[in-house]
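target32.cif follows (mmCIF, C-alpha atoms):
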```
data_work
#
loop_
_atom_site.label_atom_id
_atom_site.label_comp_id
_atom_site.auth_asym_id
_atom_site.auth_seq_id
_atom_site.Cartn_x
_atom_site.Cartn_y
_atom_site.Cartn_z
CA MET V 1 -5.09 21.88 20.01
CA THR V 2 -2.54 19.43 21.41
CA ALA V 3 0.25 17.50 19.64
CA SER V 4 -1.85 14.33 19.81
CA ASP V 5 -4.74 16.17 18.08
CA ILE V 6 -2.38 17.25 15.29
CA ILE V 7 -1.16 13.65 14.87
CA LEU V 8 -4.74 12.37 14.94
CA TYR V 9 -5.74 14.71 12.09
CA ALA V 10 -2.44 14.32 10.21
CA HIS V 11 -3.02 10.63 9.48
CA PRO V 12 -6.27 10.96 7.48
CA THR V 13 -4.88 14.11 5.84
CA PHE V 14 -1.86 12.26 4.45
CA GLY V 15 -4.19 9.37 3.61
CA VAL V 16 -6.35 11.67 1.47
CA LEU V 17 -3.24 13.23 -0.12
CA GLY V 18 -2.07 9.69 -0.95
CA ILE V 19 -5.46 8.89 -2.51
CA MET V 20 -5.35 12.12 -4.57
CA ALA V 21 -1.77 11.42 -5.69
CA SER V 22 -2.84 7.88 -6.69
CA LEU V 23 -5.68 9.34 -8.75
CA TRP V 24 -3.16 11.69 -10.38
CA VAL V 25 -0.84 8.77 -11.26
CA PHE V 26 -3.84 6.75 -12.52
CA VAL V 27 -4.89 9.54 -14.90
CA GLU V 28 -1.28 10.13 -16.03
CA ALA V 29 -0.90 6.38 -16.72
CA LEU V 30 -4.19 6.36 -18.60
CA ASN V 31 -2.74 9.07 -20.85
CA ALA V 32 0.84 7.74 -20.80
CA SER V 33 3.13 9.34 -23.37
CA GLU V 34 6.79 10.18 -23.79
CA ALA V 35 6.10 13.56 -22.20
CA ASN V 36 4.58 12.52 -18.85
CA GLY V 37 6.89 9.65 -17.79
CA ARG V 38 8.73 11.84 -15.28
CA ARG V 39 5.45 13.06 -13.75
CA ILE V 40 4.32 9.43 -13.28
CA VAL V 41 7.57 8.58 -11.44
CA ILE V 42 7.34 11.70 -9.24
CA GLY V 43 3.67 10.95 -8.52
CA SER V 44 4.49 7.37 -7.55
CA TYR V 45 7.08 8.56 -5.00
CA ILE V 46 4.55 11.05 -3.58
CA VAL V 47 2.02 8.21 -3.19
CA ALA V 48 4.60 6.06 -1.37
CA GLY V 49 5.68 9.01 0.82
CA CYS V 50 2.10 9.94 1.76
CA LEU V 51 1.19 6.35 2.65
CA LEU V 52 4.36 5.96 4.74
CA LEU V 53 3.58 9.18 6.63
CA THR V 54 -0.03 8.02 7.08
CA GLY V 55 1.23 4.76 8.56
CA MET V 56 3.65 6.53 10.89
CA PHE V 57 1.08 9.04 12.21
CA ALA V 58 -1.74 6.46 12.36
CA GLY V 59 0.58 3.95 13.99
CA TRP V 60 1.64 6.38 16.67
CA TRP V 61 -1.98 7.31 17.39
CA TYR V 62 -3.20 3.70 17.35
CA THR V 63 -0.44 2.16 19.46
CA GLU V 64 0.02 4.98 21.98
CA LEU V 65 -3.43 6.54 22.47
CA TYR V 66 -6.35 4.74 20.82
CA GLY V 67 -6.27 1.62 23.03
CA HIS V 68 -6.14 3.69 26.22
CA PHE V 69 -8.76 6.32 25.39
CA GLU V 70 -11.07 5.66 22.42
CA GLN V 71 -11.32 1.86 22.35
CA PRO V 72 -12.77 1.47 25.91
CA VAL V 73 -15.25 4.29 25.21
CA ILE V 74 -16.42 2.70 21.93
CA LEU V 75 -16.77 -0.77 23.49
CA LYS V 76 -18.99 0.61 26.28
CA GLY V 77 -21.15 2.59 23.83
CA PRO V 78 -23.98 1.53 21.52
CA TRP V 79 -21.64 0.95 18.53
CA PRO V 80 -19.06 -1.60 19.84
CA TRP V 81 -18.73 -2.93 16.27
CA ALA V 82 -17.09 0.40 15.35
CA HIS V 83 -14.04 -1.13 17.04
CA SER V 84 -14.58 -4.90 16.78
CA PHE V 85 -15.26 -4.82 13.03
CA PHE V 86 -14.26 -1.47 11.53
CA MET V 87 -11.07 -0.73 13.52
CA GLU V 88 -9.89 -4.35 13.55
CA THR V 89 -10.37 -4.57 9.76
CA LYS V 90 -8.98 -1.10 9.06
CA GLU V 91 -5.78 -1.54 11.07
CA HIS V 92 -4.83 -4.64 9.06
CA LEU V 93 -6.34 -3.53 5.73
CA PHE V 94 -4.05 -0.46 5.77
CA PHE V 95 -1.01 -2.65 5.10
CA ILE V 96 -2.42 -3.61 1.67
CA PRO V 97 -2.36 -0.07 0.16
CA LEU V 98 0.94 0.54 2.01
CA ILE V 99 2.61 -2.43 0.28
CA LEU V 100 1.05 -1.43 -3.06
CA ALA V 101 2.29 2.15 -2.57
CA LEU V 102 5.82 0.90 -1.83
CA TYR V 103 5.62 -1.21 -4.99
CA LEU V 104 4.34 1.62 -7.22
CA PRO V 105 7.73 3.38 -7.82
CA PHE V 106 9.21 0.07 -9.05
CA VAL V 107 6.67 -0.24 -11.87
CA ALA V 108 6.19 3.49 -12.57
CA ARG V 109 9.82 3.73 -13.78
CA ILE V 110 9.00 1.62 -16.86
CA ASN V 111 8.19 3.53 -20.08
CA LEU V 112 4.43 3.09 -19.78
CA PHE V 113 3.64 4.43 -23.25
CA LYS V 114 5.65 1.53 -24.73
CA ASN V 115 4.65 -1.21 -22.30
CA THR V 116 0.86 -1.69 -22.06
CA ARG V 117 1.08 -4.38 -19.37
CA ALA V 118 3.18 -2.15 -17.11
CA ARG V 119 0.66 0.63 -17.76
CA ALA V 120 -2.16 -1.75 -16.74
CA MET V 121 -0.20 -2.67 -13.59
CA VAL V 122 0.18 1.01 -12.60
CA MET V 123 -3.52 1.61 -13.18
CA VAL V 124 -4.54 -1.51 -11.21
CA VAL V 125 -2.20 -0.67 -8.30
CA THR V 126 -3.33 2.97 -8.09
CA ALA V 127 -7.02 1.99 -8.40
CA LEU V 128 -6.57 -0.50 -5.53
CA ILE V 129 -4.87 2.18 -3.40
CA ILE V 130 -7.75 4.60 -4.12
CA LEU V 131 -10.50 2.04 -3.32
CA ASN V 132 -8.74 0.72 -0.19
CA GLY V 133 -7.97 4.27 0.90
CA LEU V 134 -11.59 5.40 0.55
CA ALA V 135 -12.78 2.32 2.49
CA ILE V 136 -10.26 3.06 5.25
CA GLU V 137 -11.24 6.76 5.40
CA GLY V 138 -14.91 5.68 5.67
CA ALA V 139 -14.06 3.22 8.45
CA GLY V 140 -12.25 6.05 10.26
CA ALA V 141 -15.41 8.16 10.11
CA ILE V 142 -17.45 5.28 11.58
CA ILE V 143 -14.90 4.80 14.41
CA ASN V 144 -15.13 8.53 15.14
CA GLY V 145 -18.93 8.14 15.13
CA GLY V 146 -18.59 5.26 17.58
CA VAL V 147 -16.83 7.55 20.06
CA LYS V 148 -19.38 10.36 19.59
CA VAL V 149 -22.46 8.16 20.10
CA ALA V 150 -20.81 6.58 23.16
CA PHE V 151 -20.32 10.03 24.70
CA ILE V 152 -23.89 11.05 23.77
CA HIS V 153 -25.19 7.76 25.20
CA THR V 154 -23.37 8.18 28.51
CA GLY V 155 -23.91 11.95 28.66
CA ALA V 156 -20.16 12.50 29.17
CA MET M 1 26.98 16.28 -43.15
CA ASP M 2 27.65 12.68 -44.01
CA ILE M 3 30.15 12.37 -41.17
CA GLN M 4 27.66 13.98 -38.79
CA ALA M 5 24.88 11.59 -39.90
CA LYS M 6 27.19 8.58 -39.44
CA SER M 7 28.21 9.88 -36.04
CA THR M 8 24.58 10.32 -34.94
CA PHE M 9 23.76 6.82 -36.17
CA ALA M 10 26.72 5.36 -34.29
CA VAL M 11 25.67 7.09 -31.07
CA SER M 12 22.03 5.96 -31.36
CA GLU M 13 23.12 2.43 -32.25
CA ARG M 14 25.27 2.30 -29.14
CA ALA M 15 22.58 3.89 -27.02
CA LEU M 16 19.70 1.64 -28.08
CA PRO M 17 20.93 -1.69 -26.65
CA ASP M 18 21.87 0.11 -23.40
CA ALA M 19 18.46 1.74 -23.17
CA GLY M 20 16.80 -1.58 -23.97
CA GLY M 21 18.92 -3.37 -21.37
CA ARG M 22 18.14 -0.75 -18.75
CA GLU M 23 14.42 -0.95 -19.56
CA ALA M 24 14.54 -4.76 -19.31
CA ALA M 25 16.32 -4.54 -15.95
CA ILE M 26 13.68 -2.10 -14.63
CA GLU M 27 10.89 -4.42 -15.84
CA ARG M 28 12.60 -7.47 -14.30
CA THR M 29 12.77 -5.67 -10.94
CA ALA M 30 9.15 -4.47 -11.25
CA ALA M 31 7.96 -8.00 -12.08
CA ALA M 32 9.84 -9.54 -9.13
CA PHE M 33 8.54 -6.95 -6.68
CA GLY M 34 5.03 -7.18 -8.21
CA LEU M 35 4.96 -10.88 -7.40
CA SER M 36 6.32 -10.04 -3.96
CA ALA M 37 3.54 -7.46 -3.41
CA ALA M 38 0.88 -10.05 -4.33
CA VAL M 39 2.36 -12.63 -1.92
CA THR M 40 2.89 -10.04 0.85
CA VAL M 41 -0.72 -8.76 0.88
CA LEU M 42 -1.95 -12.37 1.17
CA PHE M 43 0.66 -13.06 3.88
CA ASN M 44 -0.59 -9.94 5.73
CA THR M 45 -4.12 -11.35 5.89
CA VAL M 46 -2.94 -14.82 6.97
CA LEU M 47 -0.77 -13.27 9.70
CA ALA M 48 -3.77 -11.23 10.92
CA TRP M 49 -5.91 -14.40 11.06
CA VAL M 50 -3.27 -16.45 12.89
CA LYS M 51 -2.41 -13.61 15.27
CA ASP M 52 -6.09 -13.09 16.13
CA ALA M 53 -6.78 -16.81 16.57
CA TYR M 54 -3.62 -17.63 18.53
CA PRO M 55 -3.09 -15.16 21.44
CA PRO M 56 0.46 -16.35 22.29
CA LEU M 57 1.63 -15.16 18.85
CA ASN M 58 -0.14 -11.83 19.42
CA SER M 59 1.63 -11.49 22.78
CA LEU M 60 4.99 -12.41 21.24
CA MET M 61 4.52 -9.80 18.50
CA ALA M 62 3.46 -7.21 21.10
CA ALA M 63 6.55 -7.99 23.20
CA ALA M 64 8.87 -7.62 20.19
CA THR M 65 8.22 -3.90 19.53
CA GLY M 66 5.76 -2.81 22.23
CA HIS M 67 2.64 -3.36 20.09
CA HIS M 68 1.50 -6.23 17.84
CA TRP M 69 0.43 -3.82 15.07
CA ARG M 70 3.90 -2.27 14.90
CA THR M 71 5.53 -5.71 14.62
CA HIS M 72 2.96 -6.75 12.00
CA GLY M 73 3.76 -3.72 9.83
CA ILE M 74 7.53 -4.18 10.13
CA ILE M 75 7.22 -7.89 9.22
CA ASP M 76 5.07 -7.02 6.16
CA VAL M 77 7.57 -4.45 4.85
CA VAL M 78 10.55 -6.76 5.48
CA VAL M 79 8.75 -9.68 3.76
CA PHE M 80 7.94 -7.45 0.75
CA PHE M 81 11.54 -6.35 0.22
CA LEU M 82 13.12 -9.76 1.02
CA LEU M 83 10.72 -11.67 -1.26
CA GLY M 84 11.18 -9.08 -4.01
CA TYR M 85 14.94 -9.46 -3.78
CA PHE M 86 14.58 -13.26 -3.71
CA PHE M 87 12.34 -13.33 -6.82
CA LEU M 88 14.72 -10.91 -8.56
CA THR M 89 17.79 -13.04 -7.90
CA GLN M 90 15.93 -16.23 -8.85
CA GLY M 91 15.14 -14.62 -12.21
CA ARG M 92 11.97 -16.62 -12.86
CA THR M 93 9.73 -13.56 -13.17
CA THR M 94 11.30 -11.30 -15.76
CA LYS M 95 8.34 -9.54 -17.39
CA ILE M 96 5.10 -7.93 -16.33
CA THR M 97 2.47 -10.26 -17.77
CA ASP M 98 -1.33 -10.20 -17.82
CA ARG M 99 -1.25 -12.98 -15.22
CA LEU M 100 0.90 -10.89 -12.89
CA VAL M 101 -1.41 -7.85 -13.22
CA ILE M 102 -4.46 -10.05 -12.54
CA GLY M 103 -2.55 -11.79 -9.72
CA VAL M 104 -1.81 -8.51 -7.92
CA ALA M 105 -5.43 -7.36 -8.30
CA ALA M 106 -6.83 -10.73 -7.19
CA ALA M 107 -4.44 -10.96 -4.22
CA ALA M 108 -5.45 -7.48 -2.98
CA VAL M 109 -9.18 -8.20 -3.37
CA ILE M 110 -8.95 -11.65 -1.71
CA ALA M 111 -6.73 -10.30 1.10
CA GLY M 112 -9.04 -7.35 1.80
CA GLY M 113 -12.17 -9.51 1.62
CA GLY M 114 -10.51 -12.10 3.86
CA LEU M 115 -9.79 -9.50 6.52
CA ALA M 116 -13.32 -8.06 6.42
CA ALA M 117 -14.89 -11.56 6.51
CA TRP M 118 -12.69 -12.65 9.45
CA PHE M 119 -13.48 -9.66 11.66
CA PHE M 120 -17.17 -9.78 10.66
CA LEU M 121 -17.56 -13.47 11.51
CA VAL M 122 -15.18 -13.88 14.47
#
```
In structure tokens, what does this structure look like?
Amino acid sequence: MTASDIILYAHPTFGVLGIMASLWVFVEALNASEANGRRIVIGSYIVAGCLLLTGMFAGWWYTELYGHFEQPVILKGPWPWAHSFFMETKEHLFFIPLILALYLPFVARINLFKNTRARAMVMVVTALIILNGLAIEGAGAIINGGVKVAFIHTGA
Amino acid sequence: MDIQAKSTFAVSERALPDAGGREAAIERTAAAFGLSAAVTVLFNTVLAWVKDAYPPLNSLMAAATGHHWRTHGIIDVVVFFLLGYFFLTQGRTTKITDRLVIGVAAAAVIAGGGLAAWFFLV
């Protein structure tokens, strides 16, 4: 396993950890009380940290390797839309959960058990991160499939 | 006992306005940056559309940092923090309202749908 393989697998790993942390914050916000305020804040920073690391690893992979190795293979294979639709959408869609994740610690610091609108905001933001994250993970699987079917198709 | 009770009351009386002020300041910041997040996710989609439709901009962004995606991400993050700071100093958005919560949700859905529609159709 090379360093580029580790980086390739690190980005969806931190993405999944970010999704799981978002789910944790969502459930904590749903049951907001005086006792779990600190956990909500800690969880929100973990979400932001995981999404930042995902962006850094994914960005390195995408800008340094993907365009040279995977993209040409996908475009010559039977699933060119794995790049033209799924990768093109995914690479820009990622910035939405990233911005929401950076916003989350700002709103998670409010006493959510006293402020129902702030609680709703935390739940909406974390739900959007979860849904966007799952869509992006699914798109990643399709892009991976695009490479595999291209290799199968060409017999490489 | 009486002195102790008075002392406790005095401390809590002093602490309450401070705690309330701090809470209001946190909410004011969260509201400003919430509005900024809604605007930034929409800006992200518009930038992706314009960049994809106008190759010179894509080339300019690629030349700035070595890759258009890297520049796009940096611009998004800078816009988020600058707009948040701007809205905070303007002081127009001071509370998290139902409209702001719906606005953030709607912006994210419209922005995501706009990206998917663009790359599906173009």
Determine the nearest neighbour of Val122 (chain M) from the options M:Ala53, M:Ala19, M:Ala31, M:Val39, counting all atoms listed in the file.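 Under the stated criterion, the closest residue is M:Ala53.
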What does the distance from CA of Ile142 (chain V) to CA of Phe86 (chain V) come to in Å, to one decimal? 7.5 Å
V:Ile130, V:Ala82, V:Leu52, V:Leu112 ranked by distance to Ala35 (chain V), top pick (using all atoms listed in the file):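 Nearest candidate to Ala35 (chain V) out of V:Ile130, V:Ala82, V:Leu52, V:Leu112: V:Leu112.
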Kindly extract all protein, DNA and RNA residues lying within 12 Å of the coordinates (-19.0, 1.3, 20.6) given in the file, considering all atoms listed in the file, and supply them as a compact mmCIF listing (two decimals) with C-alpha atoms, in the frame of the given file.
```
# COMPACT_ATOMS: atom_id res chain seq x y z
CA GLU V 70 -11.07 5.66 22.42
CA GLN V 71 -11.32 1.86 22.35
CA PRO V 72 -12.77 1.47 25.91
CA VAL V 73 -15.25 4.29 25.21
CA ILE V 74 -16.42 2.70 21.93
CA LEU V 75 -16.77 -0.77 23.49
CA LYS V 76 -18.99 0.61 26.28
CA GLY V 77 -21.15 2.59 23.83
CA PRO V 78 -23.98 1.53 21.52
CA TRP V 79 -21.64 0.95 18.53
CA PRO V 80 -19.06 -1.60 19.84
CA TRP V 81 -18.73 -2.93 16.27
CA ALA V 82 -17.09 0.40 15.35
CA HIS V 83 -14.04 -1.13 17.04
CA SER V 84 -14.58 -4.90 16.78
CA PHE V 85 -15.26 -4.82 13.03
CA PHE V 86 -14.26 -1.47 11.53
CA MET V 87 -11.07 -0.73 13.52
CA ILE V 142 -17.45 5.28 11.58
CA ILE V 143 -14.90 4.80 14.41
CA ASN V 144 -15.13 8.53 15.14
CA GLY V 145 -18.93 8.14 15.13
CA GLY V 146 -18.59 5.26 17.58
CA VAL V 147 -16.83 7.55 20.06
CA LYS V 148 -19.38 10.36 19.59
CA VAL V 149 -22.46 8.16 20.10
CA ALA V 150 -20.81 6.58 23.16
CA PHE V 151 -20.32 10.03 24.70
CA ILE V 152 -23.89 11.05 23.77
CA HIS V 153 -25.19 7.76 25.20
CA THR V 154 -23.37 8.18 28.51
```
Using the chain letters and residue numbers of this document, give as an MDAnalysis selection string the residues selected by the PyMOL selection byres ((chain V and resi 34) around 12). chainID V and resid 28:29 31:33 35:40 110:115
Looking at M:Leu100, M:Val78, M:Leu47, M:Ala30, which one is nearest to chain V, with distances taken over all atoms listed in the file?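 When distances to chain V are compared using all atoms listed in the file, the smallest one comes from M:Ala30.
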Could I get the residues of chain V with an atom no further than 8 Å from an atom of chain M, each paired with its nearest atom pair and that distance in Å to one decimal, using all atoms listed in the file, sorted by chain and residue number, as JSON lines?
```
{"residue": "V:Gly59", "atom": "CA", "partner": "M:Arg70", "partner_atom": "CA", "distance": 7.1}
{"residue": "V:Thr63", "atom": "CA", "partner": "M:His67", "partner_atom": "CA", "distance": 6.4}
{"residue": "V:Ser84", "atom": "CA", "partner": "M:Phe119", "partner_atom": "CA", "distance": 7.1}
{"residue": "V:Phe85", "atom": "CA", "partner": "M:Phe119", "partner_atom": "CA", "distance": 5.3}
{"residue": "V:Glu88", "atom": "CA", "partner": "M:Phe119", "partner_atom": "CA", "distance": 6.7}
{"residue": "V:Thr89", "atom": "CA", "partner": "M:Ala116", "partner_atom": "CA", "distance": 5.7}
{"residue": "V:Glu91", "atom": "CA", "partner": "M:Trp69", "partner_atom": "CA", "distance": 7.7}
{"residue": "V:His92", "atom": "CA", "partner": "M:Ala48", "partner_atom": "CA", "distance": 6.9}
{"residue": "V:Leu93", "atom": "CA", "partner": "M:Gly112", "partner_atom": "CA", "distance": 6.1}
{"residue": "V:Phe95", "atom": "CA", "partner": "M:Gly73", "partner_atom": "CA", "distance": 6.8}
{"residue": "V:Ile96", "atom": "CA", "partner": "M:Val41", "partner_atom": "CA", "distance": 5.5}
{"residue": "V:Ile99", "atom": "CA", "partner": "M:Ala37", "partner_atom": "CA", "distance": 6.3}
{"residue": "V:Leu100", "atom": "CA", "partner": "M:Ala37", "partner_atom": "CA", "distance": 6.5}
{"residue": "V:Tyr103", "atom": "CA", "partner": "M:Phe33", "partner_atom": "CA", "distance": 6.7}
{"residue": "V:Phe106", "atom": "CA", "partner": "M:Ala30", "partner_atom": "CA", "distance": 5.0}
{"residue": "V:Val107", "atom": "CA", "partner": "M:Ala30", "partner_atom": "CA", "distance": 4.9}
{"residue": "V:Arg109", "atom": "CA", "partner": "M:Ile26", "partner_atom": "CA", "distance": 7.0}
{"residue": "V:Ile110", "atom": "CA", "partner": "M:Ile26", "partner_atom": "CA", "distance": 6.4}
{"residue": "V:Asn111", "atom": "CA", "partner": "M:Glu23", "partner_atom": "CA", "distance": 7.7}
{"residue": "V:Arg117", "atom": "CA", "partner": "M:Ile96", "partner_atom": "CA", "distance": 6.2}
{"residue": "V:Ala118", "atom": "CA", "partner": "M:Ile96", "partner_atom": "CA", "distance": 6.1}
{"residue": "V:Ala120", "atom": "CA", "partner": "M:Val101", "partner_atom": "CA", "distance": 7.1}
{"residue": "V:Met121", "atom": "CA", "partner": "M:Val101", "partner_atom": "CA", "distance": 5.3}
{"residue": "V:Val124", "atom": "CA", "partner": "M:Ala105", "partner_atom": "CA", "distance": 6.6}
{"residue": "V:Val125", "atom": "CA", "partner": "M:Ala105", "partner_atom": "CA", "distance": 7.4}
{"residue": "V:Leu128", "atom": "CA", "partner": "M:Ala105", "partner_atom": "CA", "distance": 7.5}
```
Neighbouring residues of Thr54 (chain V) were defined as those with any atom within 7 Å, considering only C-alpha atoms; residues of the same chain fewer than 2 positions away were excluded. Please report them as number ranges by chain. V: 11-12, 14-15, 50-52, 56-58
Measuring between all atoms listed in the file, which one of V:His68, V:Leu30, V:Gly140, V:Gly43 shows the shortest distance to Thr116 (chain V)?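 Of all the options, V:Leu30 lies closest to Thr116 (chain V).
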